[in-house]
$ cat work35.cif   # mmCIF, C-alpha atoms
data_query
#
loop_
_atom_site.label_atom_id
_atom_site.label_comp_id
_atom_site.auth_asym_id
_atom_site.auth_seq_id
_atom_site.Cartn_x
_atom_site.Cartn_y
_atom_site.Cartn_z
CA ARG A 1 280.26 186.83 57.25
CA GLY A 2 276.83 187.89 58.45
CA ARG A 3 273.70 186.24 59.72
CA CYS A 4 270.09 185.90 58.61
CA GLY A 5 269.30 189.59 59.15
CA GLU A 6 272.17 190.81 57.01
CA TYR A 7 271.53 188.23 54.28
CA SER A 8 267.81 188.99 54.29
CA TRP A 9 268.26 192.78 54.06
CA THR A 10 270.68 192.29 51.19
CA ALA A 11 268.25 189.96 49.39
CA LEU A 12 265.39 192.39 50.03
CA ARG A 13 267.32 195.32 48.52
CA LEU A 14 268.45 193.27 45.52
CA LEU A 15 264.90 192.08 44.84
CA GLU A 16 263.64 195.68 45.17
CA ALA A 17 266.29 196.84 42.71
CA LEU A 18 265.04 194.20 40.29
CA GLY A 19 261.53 195.63 40.62
CA PHE A 20 259.88 193.01 42.80
CA PRO A 21 257.53 194.00 45.63
CA VAL A 22 259.14 192.55 48.76
CA ARG A 23 258.40 191.99 52.43
CA TYR A 24 260.70 191.36 55.38
CA ILE A 25 259.53 188.32 57.37
CA ASP A 26 260.20 187.78 61.08
CA ASN A 27 259.20 184.67 63.01
CA HIS A 28 259.94 186.48 66.30
CA ALA A 29 261.91 183.43 67.43
CA GLY A 30 265.34 184.39 66.13
CA HIS A 31 265.07 184.05 62.35
CA VAL A 32 264.17 186.35 59.45
CA TRP A 33 263.83 185.96 55.68
CA VAL A 34 262.04 187.72 52.81
CA GLU A 35 259.15 187.23 50.45
CA ALA A 36 258.89 188.57 46.91
CA CYS A 37 255.68 188.92 44.95
CA VAL A 38 256.14 186.98 41.72
CA GLN A 39 253.24 186.85 39.27
CA GLY A 40 250.83 187.90 42.02
CA ARG A 41 251.99 185.34 44.58
CA TRP A 42 254.19 185.93 47.64
CA ILE A 43 257.18 183.57 47.47
CA HIS A 44 259.27 182.57 50.51
CA ILE A 45 263.00 183.31 50.03
CA ASP A 46 265.52 182.44 52.73
CA PRO A 47 269.03 183.43 51.62
CA CYS A 48 270.64 181.78 54.67
CA GLU A 49 269.17 178.42 53.75
CA ALA A 50 269.35 178.90 49.96
CA ALA A 51 265.62 178.11 50.06
CA VAL A 52 263.00 179.40 47.65
CA ASP A 53 259.28 178.67 47.96
CA MET A 54 259.76 176.36 50.95
CA PRO A 55 257.61 178.00 53.65
CA LEU A 56 257.38 174.81 55.74
CA LEU A 57 261.18 174.53 55.94
CA TYR A 58 261.28 175.64 59.59
CA ALA A 59 258.59 173.24 60.80
CA GLU A 60 259.68 170.26 58.72
CA ASN A 61 263.48 170.59 58.59
CA TRP A 62 264.24 172.53 61.76
CA GLY A 63 261.47 171.04 63.92
CA ARG A 64 260.40 174.59 64.87
CA THR A 65 256.77 175.35 64.01
CA PRO A 66 256.38 179.12 64.46
CA GLN A 67 253.76 180.53 66.81
CA HIS A 68 253.52 183.75 64.83
CA VAL A 69 255.18 185.16 61.74
CA LEU A 70 254.81 188.78 60.66
CA ALA A 71 255.56 190.38 57.30
CA TYR A 72 256.61 194.02 56.98
CA GLY A 73 256.60 195.92 53.72
CA ALA A 74 256.20 199.31 52.11
CA GLU A 75 253.08 200.30 50.25
CA ARG A 76 253.36 199.58 46.55
CA ARG A 77 253.47 202.47 44.10
CA THR A 78 250.47 203.26 41.96
CA ALA A 79 250.57 203.38 38.16
CA ALA A 80 251.11 207.14 38.50
CA GLY A 81 254.20 206.43 40.61
CA ASN A 82 252.66 207.73 43.84
CA ALA A 83 253.05 206.05 47.19
CA SER A 84 252.16 207.23 50.66
CA GLY A 85 255.33 205.79 52.14
CA ALA A 86 253.21 203.70 54.49
CA VAL A 87 254.66 200.62 56.07
CA THR A 88 252.26 197.72 56.27
CA ILE A 89 252.28 194.70 58.55
CA TRP A 90 250.61 191.34 57.86
CA ASP A 91 250.15 188.23 59.97
CA VAL A 92 251.40 185.45 57.67
CA THR A 93 251.66 182.76 60.34
CA ASP A 94 249.38 180.27 58.59
CA GLN A 95 251.66 180.14 55.52
CA TYR A 96 254.53 178.87 57.68
CA ARG A 97 252.68 176.25 59.72
CA PRO A 98 251.85 172.76 58.46
CA SER A 99 248.15 171.88 58.46
CA SER A 100 248.93 169.12 60.97
CA ALA A 101 250.34 171.56 63.55
CA GLU A 102 248.52 172.20 66.79
CA PRO A 103 246.51 175.43 66.64
CA VAL A 104 248.23 178.61 67.74
CA PRO A 105 247.05 179.36 71.28
CA GLU A 106 244.09 181.75 71.20
CA ALA A 107 245.80 184.21 73.54
CA THR A 108 248.79 184.39 71.17
CA ARG A 109 246.57 184.85 68.12
CA ARG A 110 244.59 187.63 69.83
CA ALA A 111 247.78 189.37 70.98
CA VAL A 112 249.22 189.29 67.45
CA GLU A 113 245.94 190.60 65.96
CA THR A 114 245.94 193.44 68.49
CA VAL A 115 249.53 194.44 67.73
CA VAL A 116 248.94 194.30 63.96
CA ALA A 117 245.84 196.51 64.31
CA GLU A 118 247.68 198.99 66.55
CA VAL A 119 250.65 199.25 64.18
CA ARG A 120 248.36 199.74 61.17
CA ALA A 121 246.37 202.45 62.97
CA LYS A 122 249.52 204.27 64.09
CA GLU A 123 250.97 204.11 60.58
CA ALA A 124 247.71 205.39 59.06
CA ARG A 125 247.82 208.37 61.44
CA ARG A 126 251.47 209.03 60.56
CA VAL A 127 250.73 208.98 56.83
CA ALA A 128 247.67 211.21 57.24
CA ASP A 129 249.67 213.70 59.33
CA ALA A 130 252.44 213.72 56.71
CA ALA A 131 249.89 214.41 53.95
CA VAL A 132 248.42 217.32 55.92
CA ALA A 133 251.91 218.70 56.58
CA ALA A 134 252.77 218.44 52.88
CA GLN A 135 249.56 220.27 51.90
CA THR A 136 250.24 222.97 54.49
CA SER A 137 253.81 223.52 53.31
CA ARG A 138 252.61 223.94 49.70
CA ALA A 139 250.02 226.54 50.66
#

$ encode --input "work35.cif" --output "structure tokens"
Amino acid sequence: RGRCGEYSWTALRLLEALGFPVRYIDNHAGHVWVEACVQGRWIHIDPCEAAVDMPLLYAENWGRTPQHVLAYGAERRTAAGNASGAVTIWDVTDQYRPSSAEPVPEATRRAVETVVAEVRAKEARRVADAAVAAQTSRA
């Protein structure tokens, strides 16, 4: 059968195969889903719930307003077909919280911002090191 992780990875790969930029979304409270960029807009897609473009589903239907939601995705290719292979992380919490929700605790928001910045910095170093290694191997 499978659970949200399996369904979401399958949806992510199918959407990639169809040419859509995609991101894997994790609410860090036991549920994952995907987003696809359609006409310049990131669209919520939850294959477990058969839900499309319903980002408030969890707060309104499940009664679970997320404290933080992170999106993970690969860098998009350029027109020349080049990509660094970098993985990017975004804090997309606000998209999944109703405007009426209590604010996310400041300590939580700061902790998420710190982690996002650390992951981005580490990934930038990894990509830079890989580029140097590629240049060195060609020389």

$ residues_around --input "work35.cif" --residues "Leu15 (chain A)" --least-positions-apart "4" --cutoff "12 Å" --atoms "all atoms listed in the file" --output "number ranges by chain"
A: 8-11, 19-24, 34-38, 43, 45, 47

$ write_last_selection --input "work35.cif" --atoms "C-alpha atoms" --output "JSON list (two decimals), in the frame of the given file"
[["chain", "number", "residue", "atom", "x", "y", "z"],
["A", 8, "SER", "CA", 267.81, 188.99, 54.29],
["A", 9, "TRP", "CA", 268.26, 192.78, 54.06],
["A", 10, "THR", "CA", 270.68, 192.29, 51.19],
["A", 11, "ALA", "CA", 268.25, 189.96, 49.39],
["A", 19, "GLY", "CA", 261.53, 195.63, 40.62],
["A", 20, "PHE", "CA", 259.88, 193.01, 42.80],
["A", 21, "PRO", "CA", 257.53, 194.00, 45.63],
["A", 22, "VAL", "CA", 259.14, 192.55, 48.76],
["A", 23, "ARG", "CA", 258.40, 191.99, 52.43],
["A", 24, "TYR", "CA", 260.70, 191.36, 55.38],
["A", 34, "VAL", "CA", 262.04, 187.72, 52.81],
["A", 35, "GLU", "CA", 259.15, 187.23, 50.45],
["A", 36, "ALA", "CA", 258.89, 188.57, 46.91],
["A", 37, "CYS", "CA", 255.68, 188.92, 44.95],
["A", 38, "VAL", "CA", 256.14, 186.98, 41.72],
["A", 43, "ILE", "CA", 257.18, 183.57, 47.47],
["A", 45, "ILE", "CA", 263.00, 183.31, 50.03],
["A", 47, "PRO", "CA", 269.03, 183.43, 51.62]]

$ closest_residue --input "work35.cif" --among "A:His68, A:Ala134, A:Val112, A:Glu106" --to "Ala29 (chain A)" --atoms "only C-alpha atoms"
A:His68

$ resolve_selection --input "work35.cif" --expression "the PyMOL selection byres ((chain A and resi 113) around 12)" --output "JSON, numbers by chain"
{"A": [68, 69, 70, 89, 90, 91, 92, 93, 106, 107, 108, 109, 110, 111, 112, 114, 115, 116, 117, 118, 119, 120]}

$ residues_around --input "work35.cif" --residues "region 95-98 of chain A" --least-positions-apart "6" --cutoff "8 Å" --atoms "all atoms listed in the file" --output "list in words"
Pro55, Leu56, Tyr58, Ala59, Thr65, Pro66 and Val69 of chain A

$ closest_residue --input "work35.cif" --among "A:Trp33, A:Arg126, A:Leu18, A:Ala71" --to "Met54 (chain A)" --atoms "only C-alpha atoms"
A:Trp33

$ atom_distance --input "work35.cif" --atom1 "CA of Glu102 (chain A)" --atom2 "CA of Arg3 (chain A)"
29.7 Å

$ axis_aligned_box --input "work35.cif" --around "region 34-51 of chain A" --padding-each-side "4 Å" --output "JSON"
{"center_x": 260.7, "center_y": 183.5, "center_z": 47.0, "size_x": 27.8, "size_y": 18.8, "size_z": 23.4}

$ atom_distance --input "work35.cif" --atom1 "CA of Ala17 (chain A)" --atom2 "CA of Gln39 (chain A)"
16.8 Å

$ atom_distance --input "work35.cif" --atom1 "CA of Trp62 (chain A)" --atom2 "CA of Glu16 (chain A)"
28.5 Å

$ build_atoms --input "work35.cif" --residues "region 94-116 of chain A" --atoms "N, CA, C and O atoms" --output "compact mmCIF listing (two decimals), keeping the file's coordinate frame"
# COMPACT_ATOMS: atom_id res chain seq x y z
N ASP A 94 249.95 181.49 59.16
CA ASP A 94 249.38 180.27 58.59
C ASP A 94 250.17 179.73 57.41
O ASP A 94 250.19 178.52 57.18
N GLN A 95 250.85 180.59 56.66
CA GLN A 95 251.66 180.14 55.52
C GLN A 95 252.87 179.31 55.96
O GLN A 95 253.41 178.55 55.17
N TYR A 96 253.30 179.50 57.20
CA TYR A 96 254.53 178.87 57.68
C TYR A 96 254.28 177.76 58.69
O TYR A 96 255.21 177.29 59.33
N ARG A 97 253.03 177.34 58.81
CA ARG A 97 252.68 176.25 59.72
C ARG A 97 252.04 175.12 58.94
O ARG A 97 251.12 175.35 58.15
N PRO A 98 252.49 173.89 59.15
CA PRO A 98 251.85 172.76 58.46
C PRO A 98 250.41 172.60 58.95
O PRO A 98 250.08 172.96 60.08
N SER A 99 249.57 172.07 58.09
CA SER A 99 248.15 171.88 58.46
C SER A 99 248.01 170.93 59.64
O SER A 99 247.02 170.98 60.37
N SER A 100 248.99 170.09 59.87
CA SER A 100 248.93 169.12 60.97
C SER A 100 249.36 169.72 62.32
O SER A 100 249.25 169.05 63.34
N ALA A 101 249.85 170.95 62.31
CA ALA A 101 250.34 171.56 63.55
C ALA A 101 249.18 171.85 64.50
O ALA A 101 248.05 172.10 64.08
N GLU A 102 249.50 171.81 65.78
CA GLU A 102 248.52 172.20 66.79
C GLU A 102 248.13 173.65 66.54
O GLU A 102 248.95 174.44 66.06
N PRO A 103 246.90 174.03 66.85
CA PRO A 103 246.51 175.43 66.64
C PRO A 103 247.36 176.37 67.49
O PRO A 103 247.82 176.00 68.57
N VAL A 104 247.55 177.58 66.97
CA VAL A 104 248.23 178.61 67.74
C VAL A 104 247.33 178.93 68.94
O VAL A 104 246.11 179.07 68.77
N PRO A 105 247.89 179.03 70.12
CA PRO A 105 247.05 179.36 71.28
C PRO A 105 246.24 180.64 71.03
O PRO A 105 246.75 181.60 70.46
N GLU A 106 244.99 180.62 71.44
CA GLU A 106 244.09 181.75 71.20
C GLU A 106 244.63 183.05 71.77
O GLU A 106 244.52 184.11 71.16
N ALA A 107 245.24 182.99 72.93
CA ALA A 107 245.80 184.21 73.54
C ALA A 107 246.91 184.79 72.65
O ALA A 107 247.00 186.01 72.48
N THR A 108 247.73 183.93 72.07
CA THR A 108 248.79 184.39 71.17
C THR A 108 248.19 185.01 69.92
O THR A 108 248.59 186.08 69.49
N ARG A 109 247.20 184.34 69.33
CA ARG A 109 246.57 184.85 68.12
C ARG A 109 245.92 186.21 68.37
O ARG A 109 246.07 187.13 67.58
N ARG A 110 245.23 186.34 69.50
CA ARG A 110 244.59 187.63 69.83
C ARG A 110 245.64 188.72 70.04
O ARG A 110 245.47 189.85 69.61
N ALA A 111 246.73 188.38 70.73
CA ALA A 111 247.78 189.37 70.98
C ALA A 111 248.40 189.84 69.67
O ALA A 111 248.63 191.04 69.48
N VAL A 112 248.65 188.92 68.74
CA VAL A 112 249.22 189.29 67.45
C VAL A 112 248.23 190.16 66.68
O VAL A 112 248.61 191.19 66.10
N GLU A 113 246.95 189.79 66.66
CA GLU A 113 245.94 190.60 65.96
C GLU A 113 245.88 192.01 66.53
O GLU A 113 245.76 192.98 65.78
N THR A 114 245.98 192.13 67.85
CA THR A 114 245.94 193.44 68.49
C THR A 114 247.14 194.29 68.07
O THR A 114 246.99 195.46 67.72
N VAL A 115 248.32 193.70 68.11
CA VAL A 115 249.53 194.44 67.73
C VAL A 115 249.46 194.86 66.27
O VAL A 115 249.78 196.01 65.93
N VAL A 116 249.05 193.97 65.39
CA VAL A 116 248.94 194.30 63.96
C VAL A 116 247.98 195.47 63.78
O VAL A 116 248.28 196.44 63.06
